Amino acid sequence: MLELDAVHTYYGASHILQGVSLTVAEGEVLGVLGRNGMGKTTLVHTVAGLLRPRRGRIRFLGRDITGASAERISRAGMGLVPQGHRVFPSLSVKENLKVAVRRARSGGRARGTVADGVPRFPVLGERWGLPAGVLSGGQQQMLALGRALVGNARLVLLDEPTEGLDPQTVARVGDVVDELRRRGTSAVLVEQKVDFALRRVDRVVVIGRGSVVHESADPAGLRADTATLRDLLAVGGTVAA
Ligand SMILES: Nc1ncnc2c1ncn2[C@@H]1O[C@H](COP(=O)(O)OP(=O)(O)OP(=O)(O)O)[C@@H](O)[C@H]1O
Ligand SMILES: [Mg+2]
């Protein structure tokens, strides 16, 4: 489904991704953990085509997409839920969903309809005609996830989808990740909430200073291994819950 081979990404002279290699199999949810500033968002942006890797290769659905535009990669079936629940603020809730549906159509995938986003997130239906920019942070995140669902992506990149949300909204985000998994949609889940991630991913990689420093196909085992978690992720001696 997705394969990164020794990917290097820079911001100007800053060498951020330093040879990241990983794979995501069909239907698999890969967790990406790592402390602040380790390069997780840089990784997501590189895969989504928002940043161009300087070296290395990226393959998606059997095709080389290294250096391809974000537009092309999205049309090929990659969905992105960016960090900070970004939506189109001046477009209405409905228009935001429409853009995602149109993208699925132009990529030739079975399409959802804009209304598909609503049963899961009734709050969106109540705000159908409002500009997305006036929604609360939690509502914007629901909309960003709704866009990923109606877009019928083959693989969805979720960059810290629970960041800054209240516990109830975090639980809804968990439902969406579980639903993607049930549908057999592949996903990359970047998280600081270690427990949230390890409960619902098939495999996990830990990013430290721009490369993969740990890999596990046993997320439950890693959850129980507090010593390793502390080593890999501890900030001031505590593991982010
Ligand atoms: N536009 C940019 N220009 C230069 N450096 C940047 C830019 N964006 C990020 N960086 C740097 O790249 C490194 C990795 O940042 P990145 O956002 O990928 O980390 P992250 O793991 O997603 O962190 P967080 O958990 O806080 O979201 C950091 O040192 C950051 O300061
Ligand atoms: Mg980030």
# chains A, B, ... in the order shown; residues from 1 in each chain; ligands from 1
call {"tool": "closest_atom_pairs", "arguments": {"of": "chain A", "to": "ligand 1", "cutoff": "6 Å", "atoms": "only C-alpha atoms and all ligand atoms", "output": "tab-separated table"}}
result
residue	atom	partner	partner_atom_place_in_ligand_line	distance
A:Tyr11	CA	ligand 1	4 (C)	4.9
A:Ile16	CA	ligand 1	12 (O)	5.6
A:Arg35	CA	ligand 1	25 (O)	5.7
A:Asn36	CA	ligand 1	25 (O)	3.5
A:Gly37	CA	ligand 1	19 (O)	3.4
A:Met38	CA	ligand 1	21 (O)	3.9
A:Gly39	CA	ligand 1	18 (O)	3.2
A:Lys40	CA	ligand 1	21 (O)	3.7
A:Thr41	CA	ligand 1	22 (O)	3.6
A:Thr42	CA	ligand 1	18 (O)	3.7
call {"tool": "write_last_selection", "arguments": {"atoms": "C-alpha atoms", "output": "tab-separated table (two decimals), in the first residue's frame"}}
result
chain	number	residue	atom	x	y	z
A	11	TYR	CA	13.79	22.54	5.43
A	16	ILE	CA	14.87	16.69	9.36
A	35	ARG	CA	8.15	13.18	21.08
A	36	ASN	CA	7.54	16.78	20.01
A	37	GLY	CA	9.67	18.00	17.16
A	38	MET	CA	10.99	14.58	16.12
A	39	GLY	CA	9.74	14.88	12.55
A	40	LYS	CA	6.29	13.23	12.57
A	41	THR	CA	4.50	16.04	10.75
A	42	THR	CA	7.44	16.38	8.37
call {"tool": "closest_atom_pairs", "arguments": {"of": "chain A", "to": "ligand 2", "cutoff": "12 Å", "atoms": "only C-alpha atoms and all ligand atoms", "output": "Markdown table"}}
result
| residue | atom | partner | partner_atom_place_in_ligand_line | distance |
| --- | --- | --- | --- | --- |
| A:Val32 | CA | ligand 2 | 1 (Mg) | 10.7 |
| A:Leu33 | CA | ligand 2 | 1 (Mg) | 10.3 |
| A:Gly34 | CA | ligand 2 | 1 (Mg) | 9.4 |
| A:Arg35 | CA | ligand 2 | 1 (Mg) | 9.2 |
| A:Asn36 | CA | ligand 2 | 1 (Mg) | 7.0 |
| A:Gly37 | CA | ligand 2 | 1 (Mg) | 6.8 |
| A:Met38 | CA | ligand 2 | 1 (Mg) | 8.2 |
| A:Gly39 | CA | ligand 2 | 1 (Mg) | 6.9 |
| A:Lys40 | CA | ligand 2 | 1 (Mg) | 5.3 |
| A:Thr41 | CA | ligand 2 | 1 (Mg) | 4.0 |
| A:Thr42 | CA | ligand 2 | 1 (Mg) | 7.2 |
| A:Leu43 | CA | ligand 2 | 1 (Mg) | 8.9 |
| A:Val44 | CA | ligand 2 | 1 (Mg) | 8.5 |
| A:His45 | CA | ligand 2 | 1 (Mg) | 9.6 |
| A:Val81 | CA | ligand 2 | 1 (Mg) | 11.8 |
| A:Pro82 | CA | ligand 2 | 1 (Mg) | 8.9 |
| A:Gln83 | CA | ligand 2 | 1 (Mg) | 6.3 |
| A:Gly84 | CA | ligand 2 | 1 (Mg) | 8.9 |
| A:His85 | CA | ligand 2 | 1 (Mg) | 11.8 |
| A:Leu158 | CA | ligand 2 | 1 (Mg) | 10.4 |
| A:Asp159 | CA | ligand 2 | 1 (Mg) | 6.6 |
| A:Glu160 | CA | ligand 2 | 1 (Mg) | 7.0 |
| A:Pro161 | CA | ligand 2 | 1 (Mg) | 10.3 |
| A:Thr162 | CA | ligand 2 | 1 (Mg) | 11.9 |
| A:Glu163 | CA | ligand 2 | 1 (Mg) | 9.9 |
| A:Leu189 | CA | ligand 2 | 1 (Mg) | 11.5 |
| A:Val190 | CA | ligand 2 | 1 (Mg) | 8.0 |
| A:Glu191 | CA | ligand 2 | 1 (Mg) | 8.8 |
| A:Gln192 | CA | ligand 2 | 1 (Mg) | 9.2 |
| A:Ile207 | CA | ligand 2 | 1 (Mg) | 11.4 |
call {"tool": "closest_residue", "arguments": {"among": "A:Gly221, A:Pro131, A:Gly19, A:Gly138", "to": "Leu91 (chain A)", "atoms": "only C-alpha atoms"}}
result
A:Pro131
call {"tool": "closest_residue", "arguments": {"among": "A:Lys98, A:Arg172, A:Arg154, A:Arg54", "to": "Leu17 (chain A)", "atoms": "only C-alpha atoms"}}
result
A:Arg54
call {"tool": "residues_around", "arguments": {"residues": "Arg120 (chain A)", "least_positions_apart": "6", "cutoff": "10 Å", "atoms": "only C-alpha atoms", "output": "list in words"}}
result
Met142, Gly146, Arg172, Asp175 and Val176 of chain A
call {"tool": "select_by_dssp", "arguments": {"residues": "region 107-210 of chain A", "states": "helix (DSSP H, G or I)", "output": "JSON, numbers by chain"}}
result
{"A": [114, 115, 116, 117, 118, 119, 120, 122, 123, 124, 125, 126, 132, 133, 134, 137, 138, 139, 140, 141, 142, 143, 144, 145, 146, 147, 148, 149, 150, 167, 168, 169, 170, 171, 172, 173, 174, 175, 176, 177, 178, 179, 180, 181, 182, 183, 194, 195, 196, 197, 198]}
call {"tool": "write_last_selection", "arguments": {"atoms": "N, CA and C atoms", "output": "short mmCIF file (atom, residue, chain, number, x, y, z; two decimals), in the first residue's frame"}}
result
data_model
loop_
_atom_site.label_atom_id
_atom_site.label_comp_id
_atom_site.auth_asym_id
_atom_site.auth_seq_id
_atom_site.Cartn_x
_atom_site.Cartn_y
_atom_site.Cartn_z
N VAL A 114 -22.02 13.76 0.42
CA VAL A 114 -21.77 14.69 1.53
C VAL A 114 -22.57 14.28 2.76
N ALA A 115 -23.76 13.73 2.54
CA ALA A 115 -24.62 13.38 3.68
C ALA A 115 -24.04 12.23 4.51
N ASP A 116 -23.14 11.45 3.92
CA ASP A 116 -22.55 10.34 4.67
C ASP A 116 -21.80 10.80 5.91
N GLY A 117 -21.32 12.04 5.87
CA GLY A 117 -20.56 12.54 7.01
C GLY A 117 -21.46 12.85 8.20
N VAL A 118 -22.75 12.97 7.97
CA VAL A 118 -23.63 13.51 9.02
C VAL A 118 -24.07 12.53 10.09
N PRO A 119 -24.49 11.30 9.71
CA PRO A 119 -24.97 10.40 10.76
C PRO A 119 -23.94 10.19 11.86
N ARG A 120 -22.69 10.14 11.48
CA ARG A 120 -21.64 9.93 12.48
C ARG A 120 -21.39 11.19 13.30
N PRO A 122 -23.62 14.23 14.02
CA PRO A 122 -24.85 15.00 13.90
C PRO A 122 -24.61 16.50 14.03
N VAL A 123 -23.59 16.84 14.79
CA VAL A 123 -23.30 18.25 15.02
C VAL A 123 -23.02 18.97 13.69
N LEU A 124 -22.50 18.24 12.70
CA LEU A 124 -22.22 18.86 11.41
C LEU A 124 -23.51 19.20 10.68
N GLY A 125 -24.50 18.31 10.79
CA GLY A 125 -25.79 18.54 10.14
C GLY A 125 -26.45 19.80 10.66
N GLU A 126 -26.28 20.06 11.94
CA GLU A 126 -26.88 21.26 12.53
C GLU A 126 -26.19 22.53 12.05
N ALA A 132 -16.98 26.93 7.95
CA ALA A 132 -16.30 26.00 8.85
C ALA A 132 -15.44 26.74 9.89
N GLY A 133 -14.98 27.94 9.53
CA GLY A 133 -14.12 28.69 10.43
C GLY A 133 -14.79 29.10 11.74
N VAL A 134 -16.12 29.10 11.79
CA VAL A 134 -16.79 29.50 13.04
C VAL A 134 -17.05 28.31 13.95
N GLY A 137 -13.05 23.98 17.86
CA GLY A 137 -11.93 23.12 17.48
C GLY A 137 -12.38 21.67 17.32
N GLY A 138 -13.19 21.20 18.25
CA GLY A 138 -13.66 19.81 18.20
C GLY A 138 -14.55 19.57 16.99
N GLN A 139 -15.42 20.55 16.70
CA GLN A 139 -16.31 20.42 15.54
C GLN A 139 -15.51 20.44 14.24
N GLN A 140 -14.47 21.29 14.19
CA GLN A 140 -13.62 21.33 12.99
C GLN A 140 -12.92 19.99 12.79
N GLN A 141 -12.53 19.37 13.91
CA GLN A 141 -11.87 18.07 13.77
C GLN A 141 -12.86 17.02 13.26
N MET A 142 -14.11 17.08 13.73
CA MET A 142 -15.14 16.16 13.23
C MET A 142 -15.31 16.36 11.72
N LEU A 143 -15.28 17.62 11.30
CA LEU A 143 -15.43 17.92 9.87
C LEU A 143 -14.22 17.39 9.09
N ALA A 144 -13.03 17.58 9.64
CA ALA A 144 -11.82 17.09 8.96
C ALA A 144 -11.89 15.56 8.81
N LEU A 145 -12.39 14.89 9.84
CA LEU A 145 -12.53 13.43 9.78
C LEU A 145 -13.65 13.04 8.82
N GLY A 146 -14.73 13.82 8.84
CA GLY A 146 -15.83 13.57 7.90
C GLY A 146 -15.34 13.65 6.47
N ARG A 147 -14.48 14.63 6.20
CA ARG A 147 -13.91 14.76 4.86
C ARG A 147 -13.12 13.51 4.48
N ALA A 148 -12.34 13.01 5.43
CA ALA A 148 -11.55 11.80 5.15
C ALA A 148 -12.47 10.62 4.87
N LEU A 149 -13.60 10.53 5.59
CA LEU A 149 -14.51 9.40 5.40
C LEU A 149 -15.24 9.47 4.07
N VAL A 150 -15.80 10.64 3.73
CA VAL A 150 -16.57 10.72 2.48
C VAL A 150 -15.66 10.68 1.25
N PRO A 167 -12.24 14.99 26.26
CA PRO A 167 -12.29 13.52 26.27
C PRO A 167 -13.43 12.94 25.42
N GLN A 168 -14.56 13.61 25.41
CA GLN A 168 -15.69 13.10 24.64
C GLN A 168 -15.37 13.11 23.14
N THR A 169 -14.77 14.20 22.68
CA THR A 169 -14.42 14.30 21.26
C THR A 169 -13.28 13.33 20.93
N VAL A 170 -12.36 13.15 21.87
CA VAL A 170 -11.29 12.16 21.66
C VAL A 170 -11.90 10.78 21.42
N ALA A 171 -12.95 10.46 22.19
CA ALA A 171 -13.61 9.15 22.02
C ALA A 171 -14.24 9.04 20.63
N ARG A 172 -14.82 10.14 20.14
CA ARG A 172 -15.40 10.11 18.79
C ARG A 172 -14.32 9.89 17.74
N VAL A 173 -13.17 10.52 17.94
CA VAL A 173 -12.05 10.33 17.01
C VAL A 173 -11.64 8.85 17.01
N GLY A 174 -11.64 8.26 18.21
CA GLY A 174 -11.32 6.83 18.33
C GLY A 174 -12.31 5.98 17.53
N ASP A 175 -13.60 6.35 17.59
CA ASP A 175 -14.62 5.61 16.82
C ASP A 175 -14.31 5.68 15.33
N VAL A 176 -13.89 6.86 14.88
CA VAL A 176 -13.61 7.01 13.45
C VAL A 176 -12.41 6.14 13.04
N VAL A 177 -11.37 6.14 13.86
CA VAL A 177 -10.21 5.31 13.53
C VAL A 177 -10.62 3.84 13.50
N ASP A 178 -11.45 3.44 14.47
CA ASP A 178 -11.92 2.05 14.50
C ASP A 178 -12.75 1.74 13.26
N GLU A 179 -13.55 2.71 12.84
CA GLU A 179 -14.38 2.49 11.64
C GLU A 179 -13.52 2.34 10.39
N LEU A 180 -12.50 3.19 10.26
CA LEU A 180 -11.59 3.07 9.12
C LEU A 180 -11.00 1.67 9.09
N ARG A 181 -10.63 1.20 10.25
CA ARG A 181 -9.99 -0.10 10.35
C ARG A 181 -10.97 -1.22 9.94
N ARG A 182 -12.21 -1.11 10.43
CA ARG A 182 -13.23 -2.11 10.07
C ARG A 182 -13.49 -2.14 8.57
N ARG A 183 -13.48 -0.95 7.96
CA ARG A 183 -13.70 -0.85 6.51
C ARG A 183 -12.54 -1.40 5.71
N VAL A 194 -0.23 8.00 23.71
CA VAL A 194 0.34 6.68 23.45
C VAL A 194 -0.70 5.59 23.64
N ASP A 195 -1.45 5.67 24.71
CA ASP A 195 -2.43 4.63 25.01
C ASP A 195 -3.53 4.58 23.95
N PHE A 196 -4.02 5.76 23.59
CA PHE A 196 -5.04 5.87 22.54
C PHE A 196 -4.56 5.16 21.26
N ALA A 197 -3.30 5.42 20.90
CA ALA A 197 -2.77 4.84 19.67
C ALA A 197 -2.56 3.34 19.81
N LEU A 198 -1.92 2.92 20.88
CA LEU A 198 -1.53 1.51 20.99
C LEU A 198 -2.74 0.59 21.12
#
call {"tool": "closest_residue", "arguments": {"among": "A:Met78, A:Leu222, A:Val20, A:Met1", "to": "Leu157 (chain A)", "atoms": "only C-alpha atoms"}}
result
A:Met78
call {"tool": "atom_distance", "arguments": {"atom1": "CA of His15 (chain A)", "atom2": "CA of Ser211 (chain A)"}}
result
11.1 Å
call {"tool": "select_by_dssp", "arguments": {"residues": "region 144-185 of chain A", "states": "strand (DSSP E or B)", "output": "ChimeraX atom specification"}}
result
/A:155-159
call {"tool": "decode", "arguments": {"residues": "region 51-76 of chain A", "atoms": "C-alpha atoms", "output": "compact mmCIF listing (two decimals), in the first residue's frame"}}
result
# COMPACT_ATOMS: atom_id res chain seq x y z
CA LEU A 51 7.10 18.51 1.08
CA ARG A 52 9.50 17.03 -1.43
CA PRO A 53 12.05 14.51 -0.17
CA ARG A 54 15.59 15.28 -1.24
CA ARG A 55 16.57 11.60 -1.31
CA GLY A 56 14.77 8.26 -1.07
CA ARG A 57 11.68 6.80 -2.72
CA ILE A 58 8.00 6.68 -1.82
CA ARG A 59 5.61 4.17 -3.40
CA PHE A 60 1.83 4.22 -3.01
CA LEU A 61 -0.42 1.50 -4.44
CA GLY A 62 2.46 0.15 -6.44
CA ARG A 63 3.33 3.49 -8.06
CA ASP A 64 6.31 5.72 -7.43
CA ILE A 65 4.94 8.99 -6.05
CA THR A 66 8.27 10.52 -5.00
CA GLY A 67 8.05 14.24 -5.73
CA ALA A 68 4.44 14.05 -7.01
CA SER A 69 2.13 16.96 -6.17
CA ALA A 70 -0.21 16.84 -3.18
CA GLU A 71 -3.11 17.15 -5.61
CA ARG A 72 -2.07 14.09 -7.58
CA ILE A 73 -1.39 12.02 -4.47
CA SER A 74 -4.76 12.96 -3.02
CA ARG A 75 -6.51 12.02 -6.25
CA ALA A 76 -4.69 8.69 -6.21
